[in-house]
file final_31.txt (compact mmCIF, C-alpha atoms)
# COMPACT_ATOMS: atom_id res chain seq x y z
CA MET A 1 0.00 0.00 0.00
CA ARG A 2 1.41 3.37 -1.02
CA VAL A 3 1.07 6.37 1.26
CA ARG A 4 0.87 9.73 -0.49
CA ILE A 5 2.92 12.25 1.46
CA THR A 6 3.38 15.83 0.27
CA ALA A 7 5.36 18.70 1.67
CA ALA A 8 2.15 20.19 2.98
CA ALA A 9 1.71 17.11 5.15
CA LEU A 10 4.44 18.36 7.43
CA VAL A 11 2.77 21.70 8.11
CA VAL A 12 1.83 21.60 11.80
CA LEU A 13 1.41 23.84 14.80
CA ALA A 14 3.56 22.31 17.50
CA ALA A 15 2.55 21.77 21.12
CA CYS A 16 -0.52 23.61 22.41
CA SER A 17 -0.88 26.23 19.73
CA GLY A 18 -2.90 28.95 21.46
CA GLN A 19 -5.21 28.29 24.36
CA ASN A 20 -7.44 25.74 22.67
CA GLY A 21 -4.80 22.98 22.84
CA GLY A 22 -5.24 21.94 19.16
CA TYR A 23 -2.60 20.48 16.89
CA SER A 24 -2.83 21.26 13.19
CA GLY A 25 -1.97 18.85 10.42
CA THR A 26 -2.73 17.89 6.82
CA VAL A 27 -5.00 15.00 5.86
CA GLN A 28 -3.30 12.17 4.03
CA THR A 29 -5.01 9.31 2.25
CA GLU A 30 -3.62 5.91 1.36
CA SER A 31 -3.52 4.69 -2.22
CA ILE A 32 -2.42 1.66 -4.18
CA ALA A 33 -0.83 1.34 -7.61
CA VAL A 34 -2.08 -1.50 -9.79
CA GLY A 35 -0.35 -2.86 -12.86
CA SER A 36 0.87 -6.02 -14.54
CA GLN A 37 4.01 -8.09 -14.01
CA VAL A 38 4.10 -9.02 -17.70
CA GLY A 39 3.02 -5.90 -19.58
CA GLY A 40 1.58 -5.83 -23.09
CA ARG A 41 -0.72 -3.95 -25.43
CA VAL A 42 -3.92 -2.47 -23.96
CA VAL A 43 -7.03 -3.86 -25.67
CA GLU A 44 -9.77 -2.83 -23.22
CA VAL A 45 -10.18 0.03 -20.73
CA ASP A 46 -12.87 -0.23 -18.04
CA VAL A 47 -12.24 2.83 -15.83
CA ALA A 48 -11.33 6.50 -15.98
CA ALA A 49 -9.92 8.97 -13.50
CA GLY A 50 -12.53 9.50 -10.80
CA SER A 51 -14.22 6.11 -11.29
CA ARG A 52 -15.22 4.25 -8.16
CA VAL A 53 -13.99 0.68 -8.11
CA HIS A 54 -14.34 -2.32 -5.85
CA ARG A 55 -11.87 -5.01 -4.95
CA GLY A 56 -11.64 -7.28 -8.00
CA SER A 57 -13.07 -4.70 -10.43
CA ILE A 58 -11.42 -4.85 -13.87
CA VAL A 59 -9.29 -1.80 -14.60
CA LEU A 60 -8.06 -2.81 -18.06
CA ARG A 61 -7.14 -5.81 -20.17
CA LEU A 62 -3.97 -6.53 -22.11
CA ASP A 63 -3.79 -8.58 -25.30
CA PRO A 64 -3.60 -12.19 -24.03
CA ALA A 65 -2.74 -13.91 -27.35
CA ILE A 66 0.96 -14.56 -26.71
CA LEU A 67 0.40 -15.46 -23.06
CA GLN A 68 -2.45 -17.82 -24.00
CA ALA A 69 -0.22 -19.63 -26.50
CA GLN A 70 2.54 -19.96 -23.93
CA TYR A 71 0.08 -21.34 -21.39
CA ASP A 72 -1.38 -23.85 -23.87
CA GLN A 73 2.12 -25.07 -24.74
CA ALA A 74 3.10 -25.39 -21.08
CA GLU A 75 -0.12 -27.28 -20.30
CA ALA A 76 0.52 -29.73 -23.16
CA GLN A 77 4.06 -30.36 -21.97
CA ALA A 78 2.83 -30.90 -18.42
CA ARG A 79 0.27 -33.48 -19.59
CA GLN A 80 2.89 -35.25 -21.68
CA ALA A 81 5.32 -35.41 -18.75
CA ALA A 82 2.58 -36.68 -16.44
CA ASP A 83 1.56 -39.41 -18.92
CA HIS A 84 5.18 -40.51 -19.27
CA LEU A 85 5.57 -40.74 -15.50
CA THR A 86 2.36 -42.77 -15.19
CA GLU A 87 3.57 -45.13 -17.90
CA LEU A 88 6.84 -45.71 -16.08
CA GLN A 89 5.15 -46.18 -12.72
CA ASN A 90 2.71 -48.72 -14.13
CA GLY A 91 5.56 -50.78 -15.59
CA ASN A 92 5.61 -52.55 -18.96
CA VAL A 93 2.55 -54.50 -20.05
CA ALA A 94 2.74 -58.15 -21.09
CA SER A 95 2.55 -57.30 -24.78
CA ASP A 96 5.62 -55.07 -24.48
CA VAL A 97 7.55 -57.87 -22.77
CA GLU A 98 6.48 -60.42 -25.40
CA ARG A 99 7.43 -58.05 -28.21
CA ALA A 100 10.87 -57.41 -26.72
CA GLU A 101 11.48 -61.14 -26.20
CA ALA A 102 10.43 -61.86 -29.79
CA GLN A 103 12.83 -59.23 -31.11
CA SER A 104 15.63 -60.70 -28.99
CA GLY A 105 14.88 -64.20 -30.31
CA ALA A 106 14.87 -62.99 -33.89
CA ALA A 107 18.25 -61.29 -33.41
CA GLN A 108 19.73 -64.44 -31.90
CA ALA A 109 18.41 -66.53 -34.80
CA GLN A 110 19.91 -64.05 -37.28
CA TYR A 111 23.29 -64.41 -35.59
CA GLN A 112 23.16 -68.20 -35.73
CA GLN A 113 22.15 -68.08 -39.38
CA THR A 114 25.06 -65.76 -40.14
CA VAL A 115 27.47 -68.16 -38.46
CA ALA A 116 25.95 -71.11 -40.33
CA GLN A 117 26.22 -69.29 -43.67
CA SER A 118 29.85 -68.41 -43.06
CA ALA A 119 31.10 -72.01 -43.31
CA PRO A 120 29.76 -72.71 -46.82
CA GLN A 121 31.00 -69.36 -48.03
CA SER A 122 34.44 -70.08 -46.62
CA ALA A 123 34.46 -73.62 -48.14
CA ALA A 124 33.38 -72.24 -51.49
CA GLY A 125 36.18 -69.71 -51.40
CA ALA A 126 38.74 -72.41 -50.61
CA ALA A 127 37.41 -74.60 -53.45
CA THR A 128 37.74 -71.71 -55.86
CA VAL A 129 41.39 -71.28 -54.87
CA SER A 130 42.00 -75.03 -55.26
CA ASP A 131 40.46 -75.04 -58.74
CA ALA A 132 42.55 -72.05 -59.75
CA GLU A 133 45.71 -73.77 -58.51
CA ALA A 134 44.87 -76.89 -60.53
CA GLY A 135 44.21 -74.80 -63.60
CA LEU A 136 47.51 -72.98 -63.17
CA SER A 137 49.36 -76.31 -62.83
CA LEU A 138 47.84 -77.60 -66.06
CA ALA A 139 48.57 -74.35 -67.90
CA GLU A 140 52.17 -74.44 -66.66
CA SER A 141 52.66 -78.04 -68.00
CA ASN A 142 51.15 -77.04 -71.34
CA VAL A 143 53.37 -74.01 -71.76
CA LYS A 144 56.51 -75.99 -70.88
CA ARG A 145 55.67 -78.65 -73.48
CA ALA A 146 54.86 -76.03 -76.10
CA ARG A 147 58.16 -74.27 -75.46
CA SER A 148 60.07 -77.58 -75.86
CA LEU A 149 58.30 -78.49 -79.10
CA ALA A 150 58.66 -75.01 -80.47
CA ALA A 151 62.43 -75.21 -79.94
CA THR A 152 62.61 -78.27 -82.25
CA GLY A 153 60.14 -76.86 -84.70
CA ASP A 154 57.48 -79.46 -83.96
CA VAL A 155 54.77 -76.85 -83.16
CA SER A 156 54.04 -73.48 -84.62
CA LYS A 157 54.62 -70.16 -82.90
CA GLN A 158 50.87 -69.68 -82.77
CA VAL A 159 50.46 -72.77 -80.58
CA LEU A 160 53.21 -71.51 -78.26
CA ASP A 161 51.59 -68.08 -77.98
CA GLN A 162 48.27 -69.69 -77.11
CA ALA A 163 49.86 -71.75 -74.35
CA GLU A 164 51.65 -68.71 -72.97
CA SER A 165 48.35 -66.76 -72.88
CA GLN A 166 46.49 -69.58 -71.11
CA TYR A 167 49.29 -69.76 -68.53
CA ALA A 168 49.03 -65.99 -67.84
CA VAL A 169 45.24 -66.24 -67.48
CA ALA A 170 45.61 -69.13 -65.04
CA GLN A 171 48.05 -67.10 -62.95
CA ALA A 172 45.64 -64.14 -62.82
CA ARG A 173 42.70 -66.39 -61.92
CA LEU A 174 44.60 -67.91 -59.01
CA SER A 175 45.66 -64.50 -57.71
CA ALA A 176 42.04 -63.23 -57.80
CA ALA A 177 40.75 -66.36 -56.07
CA LYS A 178 43.29 -66.02 -53.28
CA SER A 179 42.47 -62.31 -52.78
CA SER A 180 38.74 -63.00 -52.65
CA TYR A 181 39.19 -65.85 -50.21
CA ALA A 182 41.44 -63.73 -47.97
CA ALA A 183 38.87 -60.90 -47.89
CA LEU A 184 36.11 -63.38 -47.10
CA SER A 185 38.09 -64.99 -44.30
CA GLN A 186 39.68 -61.91 -42.73
CA ALA A 187 37.08 -59.15 -43.07
CA GLN A 188 33.69 -59.85 -44.56
CA LEU A 189 32.65 -62.98 -42.68
CA PRO A 190 34.02 -61.90 -39.25
CA GLY A 191 32.39 -58.47 -39.69
CA GLN A 192 29.02 -59.99 -40.50
CA GLN A 193 29.30 -62.30 -37.50
CA ALA A 194 30.36 -59.47 -35.17
CA THR A 195 27.47 -57.25 -36.30
CA ALA A 196 24.97 -60.08 -35.85
CA ARG A 197 26.44 -60.90 -32.42
CA GLN A 198 26.27 -57.28 -31.25
CA ASN A 199 22.67 -56.90 -32.43
CA ALA A 200 21.68 -60.11 -30.64
CA ALA A 201 23.34 -58.92 -27.42
CA ALA A 202 21.63 -55.50 -27.63
CA GLN A 203 18.20 -57.03 -28.23
CA SER A 204 18.72 -59.45 -25.35
CA ALA A 205 19.62 -56.56 -22.99
CA ALA A 206 16.61 -54.57 -24.18
CA ALA A 207 14.32 -57.52 -23.54
CA GLN A 208 15.70 -57.90 -20.04
CA THR A 209 15.17 -54.19 -19.33
CA VAL A 210 11.57 -54.37 -20.53
CA ALA A 211 10.94 -57.48 -18.41
CA GLU A 212 12.41 -55.89 -15.27
CA GLY A 213 10.58 -52.57 -15.78
CA PRO A 214 11.96 -49.01 -15.42
CA ARG A 215 14.75 -48.47 -12.90
CA PRO A 216 13.97 -46.33 -9.81
CA GLU A 217 16.32 -43.56 -10.94
CA VAL A 218 14.52 -43.35 -14.30
CA ILE A 219 11.17 -42.98 -12.52
CA SER A 220 12.69 -40.35 -10.20
CA GLN A 221 13.94 -38.36 -13.18
CA ALA A 222 10.52 -38.59 -14.85
CA ARG A 223 8.83 -37.42 -11.64
CA ALA A 224 11.16 -34.40 -11.44
CA ALA A 225 10.44 -33.60 -15.09
CA ALA A 226 6.68 -33.80 -14.44
CA ASP A 227 6.99 -31.52 -11.40
CA GLY A 228 8.97 -29.01 -13.43
CA ALA A 229 6.42 -29.10 -16.25
CA ARG A 230 3.55 -28.51 -13.79
CA ALA A 231 5.42 -25.57 -12.27
CA ALA A 232 6.02 -24.10 -15.72
CA ALA A 233 2.32 -24.47 -16.53
CA ALA A 234 1.34 -22.78 -13.25
CA ARG A 235 3.69 -19.90 -13.99
CA ALA A 236 2.28 -19.54 -17.50
CA LYS A 237 -1.25 -19.47 -16.05
CA THR A 238 -0.25 -16.77 -13.56
CA GLN A 239 1.21 -14.69 -16.38
CA LEU A 240 -1.97 -15.15 -18.41
CA LEU A 241 -4.05 -13.90 -15.48
CA GLU A 242 -1.79 -10.84 -15.33
CA ALA A 243 -3.26 -9.77 -18.68
CA THR A 244 -6.38 -8.71 -16.76
CA ILE A 245 -5.54 -5.92 -14.33
CA VAL A 246 -7.94 -5.57 -11.41
CA SER A 247 -8.25 -3.31 -8.42
CA THR A 248 -7.01 -4.88 -5.20
CA ALA A 249 -9.15 -2.65 -2.96
CA ASP A 250 -12.28 -0.51 -2.89
CA GLY A 251 -11.63 3.09 -3.78
CA VAL A 252 -11.58 5.83 -6.39
CA VAL A 253 -9.26 5.95 -9.41
CA GLU A 254 -6.95 8.88 -8.72
CA SER A 255 -4.84 8.81 -11.87
CA PHE A 256 -5.28 6.89 -15.11
CA ASP A 257 -4.08 7.72 -18.62
CA LEU A 258 -4.13 4.62 -20.82
CA HIS A 259 -6.08 3.92 -24.00
CA PRO A 260 -6.57 0.87 -26.25
CA GLY A 261 -3.42 0.38 -28.31
CA ASP A 262 -1.07 1.78 -25.68
CA LEU A 263 1.81 -0.36 -24.49
CA LEU A 264 2.15 -1.03 -20.78
CA GLN A 265 5.60 -2.05 -19.59
CA PRO A 266 6.02 -4.89 -17.08
CA ASN A 267 5.66 -3.72 -13.45
CA GLN A 268 4.57 -0.26 -14.60
CA PRO A 269 1.63 1.23 -12.64
CA ALA A 270 -1.51 1.32 -14.77
CA ALA A 271 -3.65 3.23 -12.29
CA VAL A 272 -3.40 4.76 -8.81
CA ILE A 273 -6.44 4.13 -6.62
CA ASP A 274 -7.30 6.05 -3.49
CA THR A 275 -8.55 3.41 -1.08
CA PHE A 276 -11.53 3.76 1.23
CA ALA A 277 -9.30 3.24 4.24
CA ASP A 278 -9.60 5.86 6.96
CA PRO A 279 -7.26 8.81 6.31
CA PHE A 280 -4.66 9.95 8.81
CA VAL A 281 -2.83 13.05 9.91
CA TYR A 282 0.61 13.63 11.38
CA VAL A 283 0.97 16.13 14.22
CA TYR A 284 4.03 16.90 16.30
CA ALA A 285 4.02 17.03 20.09
CA SER A 286 6.72 18.26 22.43
CA GLN A 287 8.18 16.13 25.18
CA LYS A 288 5.95 17.59 27.88
CA ASP A 289 2.79 16.86 25.84
CA LEU A 290 3.74 13.40 24.60
CA ALA A 291 1.83 11.66 27.40
CA ARG A 292 -1.40 12.91 25.88
CA PHE A 293 -0.61 11.01 22.66
CA ALA A 294 -0.11 7.46 23.94
CA ASN A 295 -0.88 4.73 21.44
CA GLY A 296 -4.64 4.17 21.35
CA ALA A 297 -5.46 7.59 22.87
CA LYS A 298 -8.70 9.04 21.52
CA MET A 299 -8.63 12.34 19.63
CA ARG A 300 -11.20 14.80 18.32
CA VAL A 301 -10.43 15.90 14.77
CA VAL A 302 -12.02 19.09 13.43
CA SER A 303 -11.94 19.86 9.71
CA ASP A 304 -10.68 23.35 8.92
CA SER A 305 -13.00 23.25 5.88
CA ASP A 306 -16.10 23.08 8.07
CA ILE A 307 -16.82 19.55 6.84
CA GLY A 308 -17.37 18.36 10.37
CA THR A 309 -15.80 16.76 13.44
CA PHE A 310 -14.43 13.24 13.41
CA ASP A 311 -13.20 10.68 15.89
CA GLY A 312 -9.50 9.88 15.84
CA VAL A 313 -7.10 7.54 17.59
CA VAL A 314 -3.34 7.63 17.98
CA GLU A 315 -1.97 4.82 15.83
CA THR A 316 1.73 5.28 16.46
CA HIS A 317 4.36 7.86 17.28
CA ASP A 318 8.07 8.33 16.72
CA ARG A 319 10.52 6.51 18.97
CA SER A 320 13.05 9.33 18.75
CA ALA A 321 12.81 13.11 18.81
CA GLN A 322 13.49 15.50 15.95
CA PHE A 323 13.71 19.22 15.54
CA THR A 324 10.41 20.86 14.77
CA PRO A 325 9.98 21.11 10.98
CA GLN A 326 11.21 24.43 9.58
CA ASN A 327 7.77 25.42 8.33
CA VAL A 328 6.31 25.64 11.85
CA GLU A 329 5.21 29.19 12.54
CA THR A 330 7.50 30.58 15.28
CA ALA A 331 11.23 30.47 15.91
CA ASP A 332 10.62 29.39 19.51
CA GLN A 333 8.65 26.41 18.34
CA ARG A 334 11.27 25.53 15.73
CA ALA A 335 13.87 25.31 18.49
CA GLU A 336 12.00 22.59 20.32
CA LEU A 337 12.47 18.85 19.97
CA VAL A 338 9.22 17.16 19.02
CA TYR A 339 7.84 13.69 18.33
CA GLY A 340 5.76 12.86 15.28
CA VAL A 341 2.36 11.37 16.09
CA LYS A 342 0.18 9.53 13.56
CA VAL A 343 -3.55 9.92 14.19
CA ARG A 344 -5.97 7.70 12.26
CA ILE A 345 -9.25 9.52 11.48
CA HIS A 346 -12.54 7.61 11.39
CA ASP A 347 -14.21 8.83 8.18
CA PRO A 348 -16.67 6.13 6.98
CA GLU A 349 -18.34 8.50 4.51
CA HIS A 350 -15.02 9.61 3.01
CA LYS A 351 -15.71 13.28 3.49
CA LEU A 352 -12.13 14.35 4.14
CA LEU A 353 -10.07 15.04 1.04
CA SER A 354 -6.33 14.56 0.79
CA GLY A 355 -4.45 17.80 1.35
CA THR A 356 -7.09 19.54 3.46
CA THR A 357 -6.09 20.65 6.98
CA VAL A 358 -7.56 19.56 10.30
CA THR A 359 -7.01 20.37 13.97
CA VAL A 360 -6.50 17.53 16.41
CA TYR A 361 -7.61 17.87 20.04
CA PRO A 362 -6.65 15.29 22.69
CA GLN A 363 -9.66 14.11 24.73
call {"tool": "encode", "arguments": {"input": "final_31.txt", "output": "structure tokens"}}
result
Amino acid sequence: MRVRITAAALVVLAACSGQNGGYSGTVQTESIAVGSQVGGRVVEVDVAAGSRVHRGSIVLRLDPAILQAQYDQAEAQARQAADHLTELQNGNVASDVERAEAQSGAAQAQYQQTVAQSAPQSAAGAATVSDAEAGLSLAESNVKRARSLAATGDVSKQVLDQAESQYAVAQARLSAAKSSYAALSQAQLPGQQATARQNAAAQSAAAQTVAEGPRPEVISQARAAADGARAAAARAKTQLLEATIVSTADGVVESFDLHPGDLLQPNQPAAVIDTFADPFVYVYASQKDLARFANGAKMRVVSDSDIGTFDGVVETHDRSAQFTPQNVETADQRAELVYGVKVRIHDPEHKLLSGTTVTVYPQ
């Protein structure tokens, strides 16, 4: 609650001014400033300066589109996190376990098939090498015989050239067969087996995890995520509610200057509202008169504007003395040490206006 204090509020007549024993002071009212923590563009105005409002009355509305979208997103994420937590807490259903076990069995069968297929492939590769070696041996015998006969002139050069060519082809065939067999034995087959073995192991571990259900730490993490999502959704809802600015007390709008289309910054006051709380006045009493102003002491408050006489009560007073304010009338009074006294004025009809002067009389 904001207290409006002006320089005129300190204008007093200290300690028994004249023979009537009155203490002069300026009426002060209490007011509140209302606004929004989020800010935004004004789309609706429901009050004006001088309007009377009640607690909860709408002062203005800000465009809620962005805040509504943020709230909807946060709500969706909170529901998703909650569903995930429930799923983990309930454990895996029988169908999930059966599916995981079936996948593990299929991976194991694939591994065994890969191992079984490796032997024939390896045997076939070895047979290819053996055939190539036999072919090379035959081609080598043929070329030797052709060379011998060609030296005596018993065969033509064409026959020799043909034998030489077949020998070269046989050599190349053997080399290719050996290379293919080496690749099959050293890289391809072991790699296929290793991949199949790793997949089978991974599927087996997955099936075991599904059968055992989520670990406690996984559920704990999911619970923390769900709590965080709920908190984010609650915060988004609070921000959405901030798009509607309401009065937090009964009173009268003192100052207001916003129109549709204006931008209101976060935490910026949108309106100042004079509340219907009883006003108060500060007076200053000297040490010798302080006993008359004990907390709870009843006072008679007379309006200098002839509005009427009101009941008052001392609400509090200073715990330490101060020099009389410089705007007190006489130099003698300014030399005195005085204590500030706050007097609450009972004004149920709100007749007293802020800034008007009153005289307080101890009873």
call {"tool": "atom_distance", "arguments": {"input": "final_31.txt", "atom1": "CA of Thr238 in chain A", "atom2": "CA of Gln221 in chain A"}}
result
25.8 Å
call {"tool": "closest_residue", "arguments": {"input": "final_31.txt", "among": "A:Gln203, A:Thr195, A:Gln239, A:Ser305", "to": "Arg99 in chain A", "atoms": "only C-alpha atoms"}}
result
A:Gln203
call {"tool": "atom_distance", "arguments": {"input": "final_31.txt", "atom1": "CA of Ala321 in chain A", "atom2": "CA of Asp289 in chain A"}}
result
12.8 Å
call {"tool": "atom_distance", "arguments": {"input": "final_31.txt", "atom1": "CA of Pro269 in chain A", "atom2": "CA of Val53 in chain A"}}
result
16.3 Å
call {"tool": "residues_around", "arguments": {"input": "final_31.txt", "residues": "range 35-44 of chain A", "least_positions_apart": "4", "cutoff": "10 Å", "atoms": "all atoms listed in the file", "output": "JSON, numbers by chain"}}
result
{"A": [58, 59, 60, 61, 62, 63, 64, 66, 67, 238, 239, 240, 241, 242, 243, 244, 245, 246, 247, 258, 259, 260, 261, 262, 263, 264, 265, 266, 267, 268, 269, 270, 271, 272]}
call {"tool": "residues_around", "arguments": {"input": "final_31.txt", "residues": "Ile32 in chain A", "least_positions_apart": "6", "cutoff": "12 Å", "atoms": "only C-alpha atoms", "output": "PyMOL selection string"}}
result
chain A and resi 1-4+55+246-255+269-277
call {"tool": "closest_residue", "arguments": {"input": "final_31.txt", "among": "A:Ala107, A:Ala146, A:Ala65, A:Ala139", "to": "Ala205 in chain A", "atoms": "all atoms listed in the file"}}
result
A:Ala107
call {"tool": "closest_atom_pairs", "arguments": {"input": "final_31.txt", "of": "range 281-316 of chain A", "to": "range 346-359 of chain A", "cutoff": "7 Å", "atoms": "only C-alpha atoms", "output": "CSV"}}
result
residue,atom,partner,partner_atom,distance
A:Val301,CA,A:Thr359,CA,5.7
A:Val302,CA,A:Thr359,CA,5.2
A:Ser303,CA,A:Val358,CA,4.4
A:Asp304,CA,A:Val358,CA,5.1
A:Phe310,CA,A:His346,CA,6.3
A:Asp311,CA,A:His346,CA,5.5
A:Gly312,CA,A:His346,CA,5.8
call {"tool": "residues_around", "arguments": {"input": "final_31.txt", "residues": "Ala297 in chain A", "least_positions_apart": "6", "cutoff": "9 Å", "atoms": "all atoms listed in the file", "output": "number ranges by chain"}}
result
A: 312-315, 362-363
